[in-house]
Amino acid sequence: MASKYWRFTKIQRPLRFMEVCGTHTNVISASGIRRLVGNTVKLISGPGCPVCVTAQKDIDWIIALAQKSDVVITTFGDLMRVPGTESNLEQEKACGADIKIVYSPMDALMLAQKTDKNVVFIGVGFETTAPTIAITLIKAKKQRIKNFYLLPLLKLIPPALRKIAQDPRLKIDGFILPGHVSTIIGSKPYEFLVKEYLKPCVITGFEPPDILEALDNLYQQVKSKKYYVAIQYKRCVEVHGNLIAQNLMNEVFVPTDAEWRGLGIIPNSGLKLAKNYENFDVRQYYQITIPEPKRNFCRCGDVLLGLIVPSECSLFGKKCNPTHPVGPCMVSSEGACAAYYKYEH
Ligand code: SF4
């Protein structure tokens with residue numbers, strides 16, 4: 001089948017499709033799709049795990065903030081075991097730091113109403129998470145809550161895809177685009193991938209048949225050389241996305257340059273607070289200087305960029321495993337190293 005495939009595409013190698021979203025990585029590993037497609041298609045994991053792409057210096061900053069006695073850190077659970085240079089939030093909590101796992105930013109706001117301490121929500125996530133944080137800040141502003149803060153580390157997917165599409169080392173032939181993010185932003189923000197970089201794209205759902213359908217669509221686009229942004233995940237995604245959620249984001253946040261683990265600083269790929277909400281940014285109130293993070297042998301940066309698969313990291317399954325993770329990609333359930341370890345090791 002492979003030779004027939006390559007005859008159509010005139011690409012003398014397996015097609016390289018990147019699944020951008022960590023949940024897709026997990027489903028692909030768990031369902032055996034990677035083995036199913038064999039040598040015909042190489043499925044490469046991308047930067048779609050928000051915890052994994054958070055820069056090391058930001059993790060170190062959060063840990064330093066957690067050591068302040070007047071602060072309560074509130075966070076989603078997957079950040080707890082992400083290694084900083086010297087420690088992680090789980091260890092800080094064991095040493096007495098006030099750190100609470102919450103299931104939404106609104107839980108953090110409710111906590112702020114019950115305490116005199118400064119409650120800080122760690123805003124790690126993509127376009128999917130940003131609207132819920134936005135509505136929480138709008139409520140906090142209306143209710144004049146003075147002890148609720150945000151550490152805005154939110155990131156935007158399309159600018160990261162531009163960086164990947166233009167990287168000559170990666171040779172990506174098509175993108176399996178994230179379903180969750182696309183419910184918010186729709187399909188339009190990805191059109192540059194087709195127009196400027198001639199990359200076929202499919203916004204895809206999270207069941208194994210969804211992913212198989214997306215692979216077939218990508219193959220048909222490559223074969224016909226007619227590229228577009230297909231929406232396979234029609235049950236949730238519309239071309240223009242969720243306008244209510246977008247309006248909430250636009251009221252509270254503005255784009256800013258952001259540092260991604262592995263991808264470096266990408267222009268306009270993050271969100272900072274808009275002028276009317278700047279006073280919620282915790283960085284205004286705590287001047288923390290952290291040393292340059294120490295280098296270790298973790299290759300999460302190369303995994304997130306699709307330069308290597310997790311098993312090509314020399315620590316994979318040896319010094320680095322889910323019990324003793326060396327990098328964030330082995331911690332989060334959306335991390336590629338964790339998925340490979342659980343299902344393909
Ligand atoms: S296996 Fe561990 S050390 Fe290697 S890249 Fe993944 S998280 Fe980092």
# chains A, B, ... in the order shown; residues from 1 in each chain; ligands from 1
$ closest_atom_pairs --of "chain A" --to "ligand 1" --cutoff "9 Å" --atoms "only C-alpha atoms and all ligand atoms" --output "JSON lines"
{"residue": "A:Cys52", "atom": "CA", "partner": "ligand 1", "partner_atom_place_in_ligand_line": "7 (S)", "distance": 8.8}
{"residue": "A:Asn296", "atom": "CA", "partner": "ligand 1", "partner_atom_place_in_ligand_line": "3 (S)", "distance": 8.3}
{"residue": "A:Phe297", "atom": "CA", "partner": "ligand 1", "partner_atom_place_in_ligand_line": "3 (S)", "distance": 6.3}
{"residue": "A:Cys298", "atom": "CA", "partner": "ligand 1", "partner_atom_place_in_ligand_line": "3 (S)", "distance": 3.5}
{"residue": "A:Arg299", "atom": "CA", "partner": "ligand 1", "partner_atom_place_in_ligand_line": "5 (S)", "distance": 3.8}
{"residue": "A:Cys300", "atom": "CA", "partner": "ligand 1", "partner_atom_place_in_ligand_line": "5 (S)", "distance": 3.9}
{"residue": "A:Gly301", "atom": "CA", "partner": "ligand 1", "partner_atom_place_in_ligand_line": "5 (S)", "distance": 7.3}
{"residue": "A:Asp302", "atom": "CA", "partner": "ligand 1", "partner_atom_place_in_ligand_line": "5 (S)", "distance": 7.4}
{"residue": "A:Val303", "atom": "CA", "partner": "ligand 1", "partner_atom_place_in_ligand_line": "5 (S)", "distance": 6.2}
{"residue": "A:Leu304", "atom": "CA", "partner": "ligand 1", "partner_atom_place_in_ligand_line": "5 (S)", "distance": 8.8}
{"residue": "A:Ile308", "atom": "CA", "partner": "ligand 1", "partner_atom_place_in_ligand_line": "5 (S)", "distance": 8.8}
{"residue": "A:Val309", "atom": "CA", "partner": "ligand 1", "partner_atom_place_in_ligand_line": "5 (S)", "distance": 8.5}
{"residue": "A:Pro310", "atom": "CA", "partner": "ligand 1", "partner_atom_place_in_ligand_line": "6 (Fe)", "distance": 5.5}
{"residue": "A:Ser311", "atom": "CA", "partner": "ligand 1", "partner_atom_place_in_ligand_line": "1 (S)", "distance": 6.8}
{"residue": "A:Glu312", "atom": "CA", "partner": "ligand 1", "partner_atom_place_in_ligand_line": "4 (Fe)", "distance": 7.9}
{"residue": "A:Cys313", "atom": "CA", "partner": "ligand 1", "partner_atom_place_in_ligand_line": "4 (Fe)", "distance": 4.6}
{"residue": "A:Ser314", "atom": "CA", "partner": "ligand 1", "partner_atom_place_in_ligand_line": "4 (Fe)", "distance": 6.6}
{"residue": "A:Leu315", "atom": "CA", "partner": "ligand 1", "partner_atom_place_in_ligand_line": "4 (Fe)", "distance": 5.0}
{"residue": "A:Phe316", "atom": "CA", "partner": "ligand 1", "partner_atom_place_in_ligand_line": "1 (S)", "distance": 3.7}
{"residue": "A:Gly317", "atom": "CA", "partner": "ligand 1", "partner_atom_place_in_ligand_line": "1 (S)", "distance": 6.7}
{"residue": "A:Lys318", "atom": "CA", "partner": "ligand 1", "partner_atom_place_in_ligand_line": "1 (S)", "distance": 8.4}
{"residue": "A:Lys319", "atom": "CA", "partner": "ligand 1", "partner_atom_place_in_ligand_line": "3 (S)", "distance": 7.6}
{"residue": "A:Cys320", "atom": "CA", "partner": "ligand 1", "partner_atom_place_in_ligand_line": "2 (Fe)", "distance": 4.6}
{"residue": "A:Asn321", "atom": "CA", "partner": "ligand 1", "partner_atom_place_in_ligand_line": "2 (Fe)", "distance": 6.6}
{"residue": "A:Pro322", "atom": "CA", "partner": "ligand 1", "partner_atom_place_in_ligand_line": "2 (Fe)", "distance": 8.7}
{"residue": "A:His324", "atom": "CA", "partner": "ligand 1", "partner_atom_place_in_ligand_line": "2 (Fe)", "distance": 8.9}
{"residue": "A:Pro325", "atom": "CA", "partner": "ligand 1", "partner_atom_place_in_ligand_line": "2 (Fe)", "distance": 5.9}
{"residue": "A:Val326", "atom": "CA", "partner": "ligand 1", "partner_atom_place_in_ligand_line": "3 (S)", "distance": 4.8}
{"residue": "A:Gly327", "atom": "CA", "partner": "ligand 1", "partner_atom_place_in_ligand_line": "7 (S)", "distance": 3.6}
{"residue": "A:Pro328", "atom": "CA", "partner": "ligand 1", "partner_atom_place_in_ligand_line": "7 (S)", "distance": 5.5}
{"residue": "A:Cys329", "atom": "CA", "partner": "ligand 1", "partner_atom_place_in_ligand_line": "7 (S)", "distance": 4.4}
{"residue": "A:Met330", "atom": "CA", "partner": "ligand 1", "partner_atom_place_in_ligand_line": "7 (S)", "distance": 4.3}
{"residue": "A:Val331", "atom": "CA", "partner": "ligand 1", "partner_atom_place_in_ligand_line": "7 (S)", "distance": 7.3}
{"residue": "A:Gly335", "atom": "CA", "partner": "ligand 1", "partner_atom_place_in_ligand_line": "7 (S)", "distance": 8.2}
{"residue": "A:Ala336", "atom": "CA", "partner": "ligand 1", "partner_atom_place_in_ligand_line": "6 (Fe)", "distance": 7.5}
{"residue": "A:Cys337", "atom": "CA", "partner": "ligand 1", "partner_atom_place_in_ligand_line": "6 (Fe)", "distance": 4.8}
{"residue": "A:Ala338", "atom": "CA", "partner": "ligand 1", "partner_atom_place_in_ligand_line": "6 (Fe)", "distance": 7.7}
{"residue": "A:Tyr341", "atom": "CA", "partner": "ligand 1", "partner_atom_place_in_ligand_line": "1 (S)", "distance": 8.5}
$ select_by_dssp --residues "range 88-156 of chain A" --states "strand (DSSP E)" --output "ChimeraX atom specification"
/A:99-101,118-123,148-152
$ closest_residue --among "A:Gln113, A:Thr204, A:Met249, A:Leu198" --to "Gln232 in chain A" --atoms "only C-alpha atoms"
A:Thr204
$ residues_around --residues "Pro14 in chain A" --least-positions-apart "5" --cutoff "7 Å" --atoms "only C-alpha atoms" --output "list in words"
Asn39, Thr40, Val41 and Lys42 of chain A
$ residues_around --residues "range 159-168 of chain A" --least-positions-apart "5" --cutoff "10 Å" --atoms "only C-alpha atoms" --output "short mmCIF file (atom, residue, chain, number, x, y, z; two decimals) with N, CA and C atoms, in the first residue's frame"
data_model
loop_
_atom_site.label_atom_id
_atom_site.label_comp_id
_atom_site.auth_asym_id
_atom_site.auth_seq_id
_atom_site.Cartn_x
_atom_site.Cartn_y
_atom_site.Cartn_z
N MET A 18 0.84 15.72 11.88
CA MET A 18 0.98 16.09 13.30
C MET A 18 -0.37 16.19 13.97
N VAL A 20 -2.03 17.81 16.93
CA VAL A 20 -1.59 18.95 17.73
C VAL A 20 -2.02 18.81 19.19
N GLY A 46 2.35 17.01 18.73
CA GLY A 46 2.70 18.43 18.71
C GLY A 46 2.58 19.08 20.09
N PRO A 47 2.54 20.40 20.09
CA PRO A 47 2.61 21.14 21.37
C PRO A 47 1.23 21.36 21.99
N GLY A 48 0.42 20.30 22.09
CA GLY A 48 -0.98 20.49 22.50
C GLY A 48 -1.28 20.14 23.94
N ASP A 173 3.28 17.23 6.69
CA ASP A 173 2.45 17.16 5.47
C ASP A 173 0.99 17.48 5.75
N GLY A 174 0.59 17.55 7.01
CA GLY A 174 -0.80 17.88 7.32
C GLY A 174 -1.01 17.90 8.83
N PHE A 175 -2.08 18.58 9.23
CA PHE A 175 -2.35 18.74 10.66
C PHE A 175 -3.69 18.13 11.05
N LEU A 177 -6.11 18.88 13.65
CA LEU A 177 -6.25 20.07 14.50
C LEU A 177 -7.11 19.78 15.73
N PRO A 189 -9.24 30.73 11.92
CA PRO A 189 -7.86 31.09 12.30
C PRO A 189 -6.79 30.14 11.79
N TYR A 190 -7.19 28.98 11.21
CA TYR A 190 -6.19 28.04 10.69
C TYR A 190 -5.98 28.21 9.18
N PHE A 192 -4.56 30.22 7.32
CA PHE A 192 -3.22 30.59 6.84
C PHE A 192 -2.37 29.34 6.57
N LEU A 193 -2.66 28.24 7.29
CA LEU A 193 -1.88 27.01 7.08
C LEU A 193 -2.07 26.48 5.67
N GLU A 196 -0.86 29.92 3.08
CA GLU A 196 0.55 30.31 3.06
C GLU A 196 1.51 29.12 3.04
N TYR A 197 1.08 27.98 3.62
CA TYR A 197 2.02 26.85 3.75
C TYR A 197 1.56 25.58 3.04
N LEU A 198 0.39 25.63 2.36
CA LEU A 198 -0.13 24.48 1.60
C LEU A 198 -0.21 23.20 2.45
N LYS A 199 -0.73 23.37 3.66
CA LYS A 199 -0.86 22.22 4.56
C LYS A 199 -2.33 21.80 4.67
N ASP A 257 3.42 38.41 23.26
CA ASP A 257 4.44 37.39 22.97
C ASP A 257 4.53 36.44 24.17
N TRP A 260 7.24 29.45 24.94
CA TRP A 260 6.79 28.06 24.96
C TRP A 260 7.99 27.16 25.20
N LEU A 263 9.66 25.67 21.96
CA LEU A 263 9.42 26.48 20.76
C LEU A 263 9.96 27.89 20.92
N GLY A 264 10.38 28.25 22.12
CA GLY A 264 10.92 29.59 22.36
C GLY A 264 9.83 30.65 22.40
N ILE A 265 10.24 31.91 22.19
CA ILE A 265 9.26 33.00 22.24
C ILE A 265 8.57 33.11 20.88
N ILE A 266 7.25 33.05 20.90
CA ILE A 266 6.47 33.14 19.65
C ILE A 266 5.63 34.42 19.71
N PRO A 267 5.74 35.28 18.69
CA PRO A 267 4.99 36.54 18.72
C PRO A 267 3.49 36.30 18.82
N ASN A 268 2.85 37.10 19.66
CA ASN A 268 1.38 37.08 19.82
C ASN A 268 0.80 35.69 20.05
N SER A 269 1.52 34.87 20.79
CA SER A 269 1.03 33.51 21.03
C SER A 269 0.54 33.31 22.46
N GLY A 270 0.48 34.39 23.23
CA GLY A 270 -0.02 34.29 24.61
C GLY A 270 -1.09 35.34 24.86
N LEU A 305 8.05 19.73 19.79
CA LEU A 305 8.23 20.27 18.44
C LEU A 305 8.07 19.18 17.38
N GLY A 306 8.00 17.93 17.81
CA GLY A 306 7.88 16.82 16.86
C GLY A 306 9.21 16.41 16.28
#
$ closest_residue --among "A:Lys100, A:Lys272, A:Arg169, A:Lys294" --to "Asp60 in chain A" --atoms "only C-alpha atoms"
A:Lys294
